[in-house]
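Asks: Following this message is one structure expressed as C-alpha cells.
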Amino acid sequence: MSESSAEAVVAATANAAGAAGTAGWRRAGIAGAAIGVLAAGAAAGVAVERLTVGRGMRKKARLALDATGPYGSLRGTPGRAVADDGTELYYEVDEVEAEPATADESASSGTRRRRLFGRKAPAPVTVVFSHGYCLGQDSWHFQRAALRGLVRTVHWDQRSHGRSERGRSQADGVPVGIDQLGRDLKAVIDAAAPDGPLVLAGHSMGGMTMMALADQYPALIRDRVAAVALIGTSSGKLGEVDFGLPVAGVNAVRRVLPGVLKALGSQAELVEKGRRATADLFAGLIKRYSFGSRDVDPAVARFAERLIEATPIDVVAEFYPAFTEHDKSGALPGFRDVPVLILAGDKDLVTPSSHSEAIADVLPDAELVIVPDAGHLVMLEHPETVTDRLADLLVRSGTVPAANVGGHGSTAQRPGR
C-alpha cells in the first residue's frame, strides 16, 4: 500500500467520524471499517484484496462456522469479583480433577482424616489467565482445554469485556488506565484464589495488567507468584508501533486517531451499524492484524472475529488511550525471582516481537520464544506451541510434576477434521 493511499484512508475515516451525526449508511460503513482495524489492535490504512465469492455465500459460511465451531464453548464454575469502584468482574474456575483413590488409600482413609483433623489442607496452585484488548476469557480456549483437570485455572473477563460489567468509573467519565486493570486483577485473585501459589499468564493487554499488578502489589508477587507467562505483550512505547504501515501513513494515523476515536465513541449506534455492514472488510482486517500465517483454520479466524465483534465500539474507544500512556518497564524486575516465559509471534504487527525482546533484556533469565509465522493472536494461531511452552513453565516452576498436557491445544482437535 502506498503512502498516499494510506493517508487517503485515514482522511476518509476522519471525515466519516466528523460527520457521524448526519452521515448515512455509506459513511457509517467507512467509520465501521476504521474501527474494525482498531478493534483488531491496528490503525486505519489497510488495503484488502477484492473478494471473489458472493456476499451471500460468505454470510452463509460465517453462520455455518458459528454453528459448528467448538471454540469458546468451555465453561467452568462462575464467580464474580468486585473491583474497587464497584464494577463486577466475571470469572470462571476450572478445578483439578480428583485422582481416584487406590484400595490401600481407601483402607487408610480414616487414619489420614485423623492425621489432617484440625489442619487446613494446602491450597492448590492456580493459573490465572488474563486476556487482551477487545477479546475475552475464551481467547484462551486451546490452553484451557489442554490444562483442564490437570491444574486449577481461573479465566476472567476484563472490565467492559465479555461477561464482566461495564466499568462503573468509566460510565461516570473516569478514563480507564492500566493501573485500574492491575487492581481489577487483584480483586479477581482475592475472590477466586485467595490462598496458595499463583501462576500468572497474560496476553497483550493481559500482560500489561500483570505488570500493573506487580507495580502496585509487589508483596503479592514476592510471596505467592510461582511463575509468569507474558505473551504478545509490551512494557511500554506502544506509541512508536507502526502497525506495518509506511511512515507517512503512521504519522497520519497518529495525528487523527484521537479525534476519530472520540467521535466514533460518541456515535456508538451508528458505527455499530457500519461495522455490521462492512463485515467482509472487517474479517479481512482482523486476519491481517491477528494472524501471521496464510493457512489459518477458517473456524479459528471466525472465532477471533466473533470475540472482537463482541466488544462495543465505545469500549474500544474508551480503552485505546491507555496504551499510549502505558509504561511498566519499571515493574518488570518484580518478576526476576520466578521462572518467566516471554513469547511472541515474529509477524505481530500490534505488539511487535521487539517489545518482547525488550522485556527479555530486563529479565535475562526468562525463556524468550519468538514463534515463526505467527501474528498477534499466537495462542489461537499456533496453540500447540503456546500450550507446550506453558506446560514446560508449569513443570519448571514445580506447579505440575510432569508435562502431562493433553492434545486439546491443537486446531486439529476440531470435530470433523
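A note on labels: chains of the C-alpha cells are A, B, ... as shown, every chain counts residues from 1, and ligands are counted from 1 in their shown order.
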Near segment 83-94 of chain A, counting only C-alpha atoms, which residues have an atom at most 6 Å away, once you skip same-chain residues fewer than 3 positions from it, shown as a PDB file with all heavy atoms, in the first residue's frame?
Replies:
```pdb
ATOM      1  N   GLY A  76     -16.683 -23.046  33.150  1.00  0.00           N
ATOM      2  CA  GLY A  76     -16.284 -23.505  34.462  1.00  0.00           C
ATOM      3  C   GLY A  76     -17.250 -23.008  35.519  1.00  0.00           C
ATOM      4  O   GLY A  76     -18.331 -22.504  35.205  1.00  0.00           O
ATOM      5  N   THR A  77     -16.844 -23.143  36.777  1.00  0.00           N
ATOM      6  CA  THR A  77     -17.678 -22.660  37.876  1.00  0.00           C
ATOM      7  C   THR A  77     -17.630 -21.138  37.896  1.00  0.00           C
ATOM      8  O   THR A  77     -16.556 -20.542  38.052  1.00  0.00           O
ATOM      9  CB  THR A  77     -17.172 -23.204  39.217  1.00  0.00           C
ATOM     10  OG1 THR A  77     -17.158 -24.635  39.168  1.00  0.00           O
ATOM     11  CG2 THR A  77     -18.061 -22.740  40.359  1.00  0.00           C
ATOM     12  N   PRO A  78     -18.782 -20.468  37.741  1.00  0.00           N
ATOM     13  CA  PRO A  78     -18.771 -18.999  37.630  1.00  0.00           C
ATOM     14  C   PRO A  78     -18.621 -18.316  38.991  1.00  0.00           C
ATOM     15  O   PRO A  78     -18.978 -18.858  40.031  1.00  0.00           O
ATOM     16  CB  PRO A  78     -20.135 -18.694  37.009  1.00  0.00           C
ATOM     17  CG  PRO A  78     -21.008 -19.816  37.481  1.00  0.00           C
ATOM     18  CD  PRO A  78     -20.131 -21.024  37.559  1.00  0.00           C
ATOM     19  N   GLY A  79     -18.081 -17.109  38.938  1.00  0.00           N
ATOM     20  CA  GLY A  79     -17.973 -16.280  40.132  1.00  0.00           C
ATOM     21  C   GLY A  79     -17.863 -14.823  39.734  1.00  0.00           C
ATOM     22  O   GLY A  79     -17.641 -14.504  38.562  1.00  0.00           O
ATOM     23  N   ARG A  80     -18.011 -13.950  40.710  1.00  0.00           N
ATOM     24  CA  ARG A  80     -17.884 -12.516  40.437  1.00  0.00           C
ATOM     25  C   ARG A  80     -17.047 -11.854  41.527  1.00  0.00           C
ATOM     26  O   ARG A  80     -17.276 -12.065  42.717  1.00  0.00           O
ATOM     27  CB  ARG A  80     -19.261 -11.852  40.344  1.00  0.00           C
ATOM     28  CG  ARG A  80     -20.042 -12.300  39.112  1.00  0.00           C
ATOM     29  CD  ARG A  80     -21.297 -11.479  38.867  1.00  0.00           C
ATOM     30  NE  ARG A  80     -22.020 -11.974  37.707  1.00  0.00           N
ATOM     31  CZ  ARG A  80     -21.785 -11.606  36.455  1.00  0.00           C
ATOM     32  NH1 ARG A  80     -20.834 -10.724  36.210  1.00  0.00           N
ATOM     33  NH2 ARG A  80     -22.502 -12.110  35.456  1.00  0.00           N
ATOM     34  N   ARG A 152      -5.472 -26.203  38.590  1.00  0.00           N
ATOM     35  CA  ARG A 152      -6.579 -25.278  38.830  1.00  0.00           C
ATOM     36  C   ARG A 152      -6.343 -23.995  38.026  1.00  0.00           C
ATOM     37  O   ARG A 152      -5.246 -23.417  38.076  1.00  0.00           O
ATOM     38  CB  ARG A 152      -6.669 -24.958  40.324  1.00  0.00           C
ATOM     39  CG  ARG A 152      -7.879 -24.115  40.719  1.00  0.00           C
ATOM     40  CD  ARG A 152      -7.936 -23.955  42.231  1.00  0.00           C
ATOM     41  NE  ARG A 152      -9.208 -23.378  42.667  1.00  0.00           N
ATOM     42  CZ  ARG A 152      -9.418 -22.080  42.850  1.00  0.00           C
ATOM     43  NH1 ARG A 152      -8.426 -21.217  42.661  1.00  0.00           N
ATOM     44  NH2 ARG A 152     -10.598 -21.636  43.235  1.00  0.00           N
ATOM     45  N   THR A 153      -7.351 -23.556  37.291  1.00  0.00           N
ATOM     46  CA  THR A 153      -7.200 -22.352  36.475  1.00  0.00           C
ATOM     47  C   THR A 153      -8.352 -21.379  36.720  1.00  0.00           C
ATOM     48  O   THR A 153      -9.465 -21.781  37.047  1.00  0.00           O
ATOM     49  CB  THR A 153      -7.160 -22.689  34.968  1.00  0.00           C
ATOM     50  OG1 THR A 153      -8.374 -23.348  34.596  1.00  0.00           O
ATOM     51  CG2 THR A 153      -5.974 -23.576  34.631  1.00  0.00           C
ATOM     52  N   VAL A 154      -8.045 -20.102  36.555  1.00  0.00           N
ATOM     53  CA  VAL A 154      -9.043 -19.032  36.632  1.00  0.00           C
ATOM     54  C   VAL A 154      -8.985 -18.251  35.330  1.00  0.00           C
ATOM     55  O   VAL A 154      -7.911 -17.818  34.904  1.00  0.00           O
ATOM     56  CB  VAL A 154      -8.781 -18.085  37.821  1.00  0.00           C
ATOM     57  CG1 VAL A 154      -9.711 -16.868  37.761  1.00  0.00           C
ATOM     58  CG2 VAL A 154      -8.960 -18.820  39.145  1.00  0.00           C
ATOM     59  N   HIS A 155     -10.123 -18.092  34.692  1.00  0.00           N
ATOM     60  CA  HIS A 155     -10.242 -17.298  33.473  1.00  0.00           C
ATOM     61  C   HIS A 155     -11.232 -16.176  33.757  1.00  0.00           C
ATOM     62  O   HIS A 155     -12.340 -16.429  34.215  1.00  0.00           O
ATOM     63  CB  HIS A 155     -10.743 -18.168  32.312  1.00  0.00           C
ATOM     64  CG  HIS A 155      -9.835 -19.307  31.982  1.00  0.00           C
ATOM     65  ND1 HIS A 155      -8.907 -19.263  30.968  1.00  0.00           N
ATOM     66  CD2 HIS A 155      -9.689 -20.523  32.567  1.00  0.00           C
ATOM     67  CE1 HIS A 155      -8.247 -20.396  30.915  1.00  0.00           C
ATOM     68  NE2 HIS A 155      -8.706 -21.189  31.883  1.00  0.00           N
ATOM     69  N   TRP A 156     -10.836 -14.943  33.484  1.00  0.00           N
ATOM     70  CA  TRP A 156     -11.722 -13.814  33.798  1.00  0.00           C
ATOM     71  C   TRP A 156     -11.829 -12.870  32.625  1.00  0.00           C
ATOM     72  O   TRP A 156     -10.972 -12.852  31.733  1.00  0.00           O
ATOM     73  CB  TRP A 156     -11.234 -13.080  35.050  1.00  0.00           C
ATOM     74  CG  TRP A 156      -9.935 -12.321  34.919  1.00  0.00           C
ATOM     75  CD1 TRP A 156      -8.685 -12.846  34.724  1.00  0.00           C
ATOM     76  CD2 TRP A 156      -9.763 -10.905  34.996  1.00  0.00           C
ATOM     77  NE1 TRP A 156      -7.737 -11.833  34.674  1.00  0.00           N
ATOM     78  CE2 TRP A 156      -8.372 -10.633  34.843  1.00  0.00           C
ATOM     79  CE3 TRP A 156     -10.642  -9.827  35.194  1.00  0.00           C
ATOM     80  CZ2 TRP A 156      -7.854  -9.341  34.873  1.00  0.00           C
ATOM     81  CZ3 TRP A 156     -10.110  -8.544  35.224  1.00  0.00           C
ATOM     82  CH2 TRP A 156      -8.740  -8.305  35.065  1.00  0.00           C
ATOM     83  N   ASP A 157     -12.915 -12.109  32.625  1.00  0.00           N
ATOM     84  CA  ASP A 157     -13.134 -11.083  31.608  1.00  0.00           C
ATOM     85  C   ASP A 157     -12.778  -9.726  32.193  1.00  0.00           C
ATOM     86  O   ASP A 157     -13.281  -9.346  33.259  1.00  0.00           O
ATOM     87  CB  ASP A 157     -14.610 -11.071  31.169  1.00  0.00           C
ATOM     88  CG  ASP A 157     -15.001 -12.319  30.398  1.00  0.00           C
ATOM     89  OD1 ASP A 157     -14.163 -12.815  29.627  1.00  0.00           O
ATOM     90  OD2 ASP A 157     -16.142 -12.785  30.565  1.00  0.00           O
ATOM     91  N   ARG A 163     -18.290 -11.081  29.843  1.00  0.00           N
ATOM     92  CA  ARG A 163     -19.431 -11.100  30.752  1.00  0.00           C
ATOM     93  C   ARG A 163     -19.246 -10.184  31.950  1.00  0.00           C
ATOM     94  O   ARG A 163     -20.092 -10.157  32.845  1.00  0.00           O
ATOM     95  CB  ARG A 163     -19.681 -12.535  31.223  1.00  0.00           C
ATOM     96  CG  ARG A 163     -20.096 -13.492  30.110  1.00  0.00           C
ATOM     97  CD  ARG A 163     -20.174 -14.936  30.627  1.00  0.00           C
ATOM     98  NE  ARG A 163     -20.633 -15.865  29.595  1.00  0.00           N
ATOM     99  CZ  ARG A 163     -19.829 -16.414  28.682  1.00  0.00           C
ATOM    100  NH1 ARG A 163     -18.535 -16.107  28.683  1.00  0.00           N
ATOM    101  NH2 ARG A 163     -20.315 -17.256  27.788  1.00  0.00           N
ATOM    102  N   SER A 164     -18.144  -9.468  32.009  1.00  0.00           N
ATOM    103  CA  SER A 164     -17.945  -8.516  33.104  1.00  0.00           C
ATOM    104  C   SER A 164     -18.786  -7.271  32.887  1.00  0.00           C
ATOM    105  O   SER A 164     -19.173  -6.937  31.761  1.00  0.00           O
ATOM    106  CB  SER A 164     -16.467  -8.128  33.228  1.00  0.00           C
ATOM    107  OG  SER A 164     -15.721  -9.167  33.834  1.00  0.00           O
ATOM    108  N   GLU A 165     -19.047  -6.572  33.972  1.00  0.00           N
ATOM    109  CA  GLU A 165     -19.851  -5.358  33.921  1.00  0.00           C
ATOM    110  C   GLU A 165     -19.069  -4.226  33.266  1.00  0.00           C
ATOM    111  O   GLU A 165     -17.835  -4.168  33.347  1.00  0.00           O
ATOM    112  CB  GLU A 165     -20.248  -4.963  35.350  1.00  0.00           C
ATOM    113  CG  GLU A 165     -21.179  -3.765  35.446  1.00  0.00           C
ATOM    114  CD  GLU A 165     -21.490  -3.383  36.893  1.00  0.00           C
ATOM    115  OE1 GLU A 165     -20.793  -3.875  37.806  1.00  0.00           O
ATOM    116  OE2 GLU A 165     -22.407  -2.574  37.094  1.00  0.00           O
ATOM    117  N   GLY A 167     -17.350  -0.864  33.082  1.00  0.00           N
ATOM    118  CA  GLY A 167     -16.660  -0.156  34.152  1.00  0.00           C
ATOM    119  C   GLY A 167     -17.493   0.985  34.717  1.00  0.00           C
ATOM    120  O   GLY A 167     -17.892   1.881  33.973  1.00  0.00           O
ATOM    121  N   ARG A 168     -17.780   0.940  36.003  1.00  0.00           N
ATOM    122  CA  ARG A 168     -18.632   1.967  36.602  1.00  0.00           C
ATOM    123  C   ARG A 168     -17.946   3.326  36.602  1.00  0.00           C
ATOM    124  O   ARG A 168     -18.587   4.361  36.386  1.00  0.00           O
ATOM    125  CB  ARG A 168     -19.021   1.554  38.023  1.00  0.00           C
ATOM    126  CG  ARG A 168     -19.898   0.315  38.057  1.00  0.00           C
ATOM    127  CD  ARG A 168     -20.496   0.064  39.425  1.00  0.00           C
ATOM    128  NE  ARG A 168     -21.324  -1.142  39.437  1.00  0.00           N
ATOM    129  CZ  ARG A 168     -22.035  -1.550  40.470  1.00  0.00           C
ATOM    130  NH1 ARG A 168     -22.012  -0.842  41.606  1.00  0.00           N
ATOM    131  NH2 ARG A 168     -22.752  -2.655  40.403  1.00  0.00           N
ATOM    132  N   ASP A 184      -7.996  -4.513  39.246  1.00  0.00           N
ATOM    133  CA  ASP A 184      -9.052  -5.469  38.930  1.00  0.00           C
ATOM    134  C   ASP A 184      -8.538  -6.899  39.070  1.00  0.00           C
ATOM    135  O   ASP A 184      -9.223  -7.772  39.622  1.00  0.00           O
ATOM    136  CB  ASP A 184      -9.557  -5.251  37.501  1.00  0.00           C
ATOM    137  CG  ASP A 184     -10.353  -3.961  37.329  1.00  0.00           C
ATOM    138  OD1 ASP A 184     -10.655  -3.304  38.343  1.00  0.00           O
ATOM    139  OD2 ASP A 184     -10.673  -3.617  36.179  1.00  0.00           O
ATOM    140  N   ALA A 187      -8.440  -7.936  42.589  1.00  0.00           N
ATOM    141  CA  ALA A 187      -9.771  -8.266  43.095  1.00  0.00           C
ATOM    142  C   ALA A 187     -10.175  -9.678  42.681  1.00  0.00           C
ATOM    143  O   ALA A 187     -10.777 -10.418  43.468  1.00  0.00           O
ATOM    144  CB  ALA A 187     -10.794  -7.252  42.596  1.00  0.00           C
TER     145      ALA A 187
END
```
Asks: I need the residues of segment 154-227 of chain A that end up classed as alpha helix (DSSP H) by DSSP on the backbone, written out as a PyMOL selection string.
Replies: chain A and resi 168-171+178-192+205-216+218-224
Asks: Skip segment 208-223 of chain A itself and residues of its chain fewer than 3 positions away, then list as an NGL selection string all residues within 7 Å of it, counting only C-alpha atoms.
Replies: :A and (178-179 or 181-183 or 186 or 202 or 204-205 or 233-235 or 328 or 331-332 or 334)
Asks: Could you turn the residues from that selection into a file that holds N, CA and C atoms, as a compact mmCIF listing (two decimals), in the first residue's frame?
Replies:
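New file selection-v1.txt:
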```txt
# COMPACT_ATOMS: atom_id res chain seq x y z
N ILE A 178 -4.22 1.35 32.76
CA ILE A 178 -3.66 0.03 33.02
C ILE A 178 -3.57 -0.23 34.52
N ASP A 179 -3.31 0.81 35.32
CA ASP A 179 -3.27 0.62 36.77
C ASP A 179 -4.61 0.11 37.30
N LEU A 181 -6.65 -1.78 35.71
CA LEU A 181 -6.74 -3.19 35.36
C LEU A 181 -5.92 -4.05 36.31
N GLY A 182 -4.79 -3.52 36.78
CA GLY A 182 -3.99 -4.25 37.76
C GLY A 182 -4.77 -4.43 39.06
N ARG A 183 -5.49 -3.40 39.48
CA ARG A 183 -6.30 -3.52 40.69
C ARG A 183 -7.47 -4.49 40.46
N LYS A 186 -6.16 -7.93 40.95
CA LYS A 186 -6.02 -8.20 42.39
C LYS A 186 -7.37 -8.60 42.99
N GLY A 202 -0.65 -13.83 30.79
CA GLY A 202 -1.37 -12.72 30.19
C GLY A 202 -0.98 -12.51 28.74
N SER A 204 -1.10 -9.73 25.60
CA SER A 204 -1.29 -8.35 25.19
C SER A 204 -1.69 -7.46 26.37
N MET A 205 -2.90 -6.91 26.38
CA MET A 205 -3.34 -6.09 27.49
C MET A 205 -3.33 -6.87 28.80
N THR A 233 2.97 -9.19 24.37
CA THR A 233 2.67 -8.01 25.16
C THR A 233 3.81 -7.00 25.09
N SER A 234 3.69 -5.93 25.88
CA SER A 234 4.65 -4.83 25.83
C SER A 234 4.72 -4.15 27.19
N SER A 235 5.90 -3.64 27.53
CA SER A 235 6.03 -2.89 28.78
C SER A 235 5.98 -1.38 28.54
N LYS A 328 5.33 0.27 31.98
CA LYS A 328 5.53 -0.53 33.18
C LYS A 328 6.88 -1.24 33.15
N ALA A 331 8.30 -2.05 36.48
CA ALA A 331 7.70 -3.11 37.28
C ALA A 331 8.27 -4.49 36.95
N LEU A 332 8.92 -4.62 35.79
CA LEU A 332 9.40 -5.92 35.35
C LEU A 332 10.38 -6.60 36.31
N GLY A 334 10.25 -7.01 39.26
CA GLY A 334 9.50 -7.76 40.26
C GLY A 334 9.31 -9.22 39.89
```
Asks: Would you compute the distance between atom CA of Arg224 of chain A and atom CA of Val362 of chain A? Give it in Å to one decimal.
Replies: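 Distance between the two atoms: 21.2 Å.
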Asks: Report as a count of residues only all protein, DNA and RNA residues lying within 7 Å of Ser397 of chain A, evaluated on only C-alpha atoms, omitting residues in the same chain fewer than 6 positions from it.
Replies: 3
Asks: For segment 70-72 of chain A, please output as a short mmCIF file (atom, residue, chain, number, x, y, z; two decimals) with N, CA, C and O atoms, in the first residue's frame all residues within 7 Å (counting only C-alpha atoms; exclusion window: fewer than 4 positions along the same chain).
Replies:
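The resulting file, result10.cif, is shown below:
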```cif
data_model
loop_
_atom_site.label_atom_id
_atom_site.label_comp_id
_atom_site.auth_asym_id
_atom_site.auth_seq_id
_atom_site.Cartn_x
_atom_site.Cartn_y
_atom_site.Cartn_z
N ASP A 138 -12.43 -16.42 26.62
CA ASP A 138 -12.47 -17.54 25.69
C ASP A 138 -11.33 -17.53 24.68
O ASP A 138 -11.13 -18.51 23.95
N HIS A 141 -9.00 -20.54 24.68
CA HIS A 141 -9.72 -21.81 24.52
C HIS A 141 -8.80 -23.02 24.48
O HIS A 141 -9.02 -24.01 25.20
N PHE A 303 -13.74 -17.35 14.83
CA PHE A 303 -13.83 -17.26 16.28
C PHE A 303 -13.20 -15.96 16.77
O PHE A 303 -13.78 -15.24 17.60
#
```
Asks: Enumerate as a ChimeraX atom specification all residues of segment 69-265 of chain A assigned to strand (DSSP E or B) by DSSP on the backbone, naming them with the chain letters and numbers the document uses.
Replies: /A:77-82,88-94,126-130,152-156,198-203,225-231,236
Asks: List the neighbours of Ala193 of chain A out to 9 Å using only C-alpha atoms; skip same-chain residues closer than 6 positions along the sequence, and give me the result as number ranges by chain.
Replies: A: 123, 125-126, 128, 154
Asks: Figure out the distance between atom CA of Ala81 of chain A and atom CA of Asp190 of chain A, please, to one decimal in Å.
Replies: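 Atom CA of Asp190 of chain A sits 8.0 Å away from atom CA of Ala81 of chain A.
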Asks: Pick out the closest residue to Gly162 of chain A from this set: A:Arg396, A:His131, A:Lys237, A:Arg302. Count only C-alpha atoms.
Replies: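 Closest candidate: A:His131.
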Asks: Which one of A:Ala229, A:Val241, A:Ala358, A:Val400 sits closest to Gly149 of chain A if you count only C-alpha atoms?
Replies: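 Comparing A:Ala229, A:Val241, A:Ala358, A:Val400 against Gly149 of chain A, the winner is A:Val400.
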Asks: Which neighbours of Leu238 of chain A fall inside 8 Å, counting only C-alpha atoms, when residues of the same chain fewer than 6 positions from it are skipped, and could you give them as a list in words?
Replies: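 Near Leu238 of chain A, the qualifying residues are Phe323, Thr324, His326 and Thr351 of chain A.
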Asks: To one decimal place, how far is atom CA of Lys287 of chain A from atom CA of Gly177 of chain A in Å?
Replies: 27.4 Å
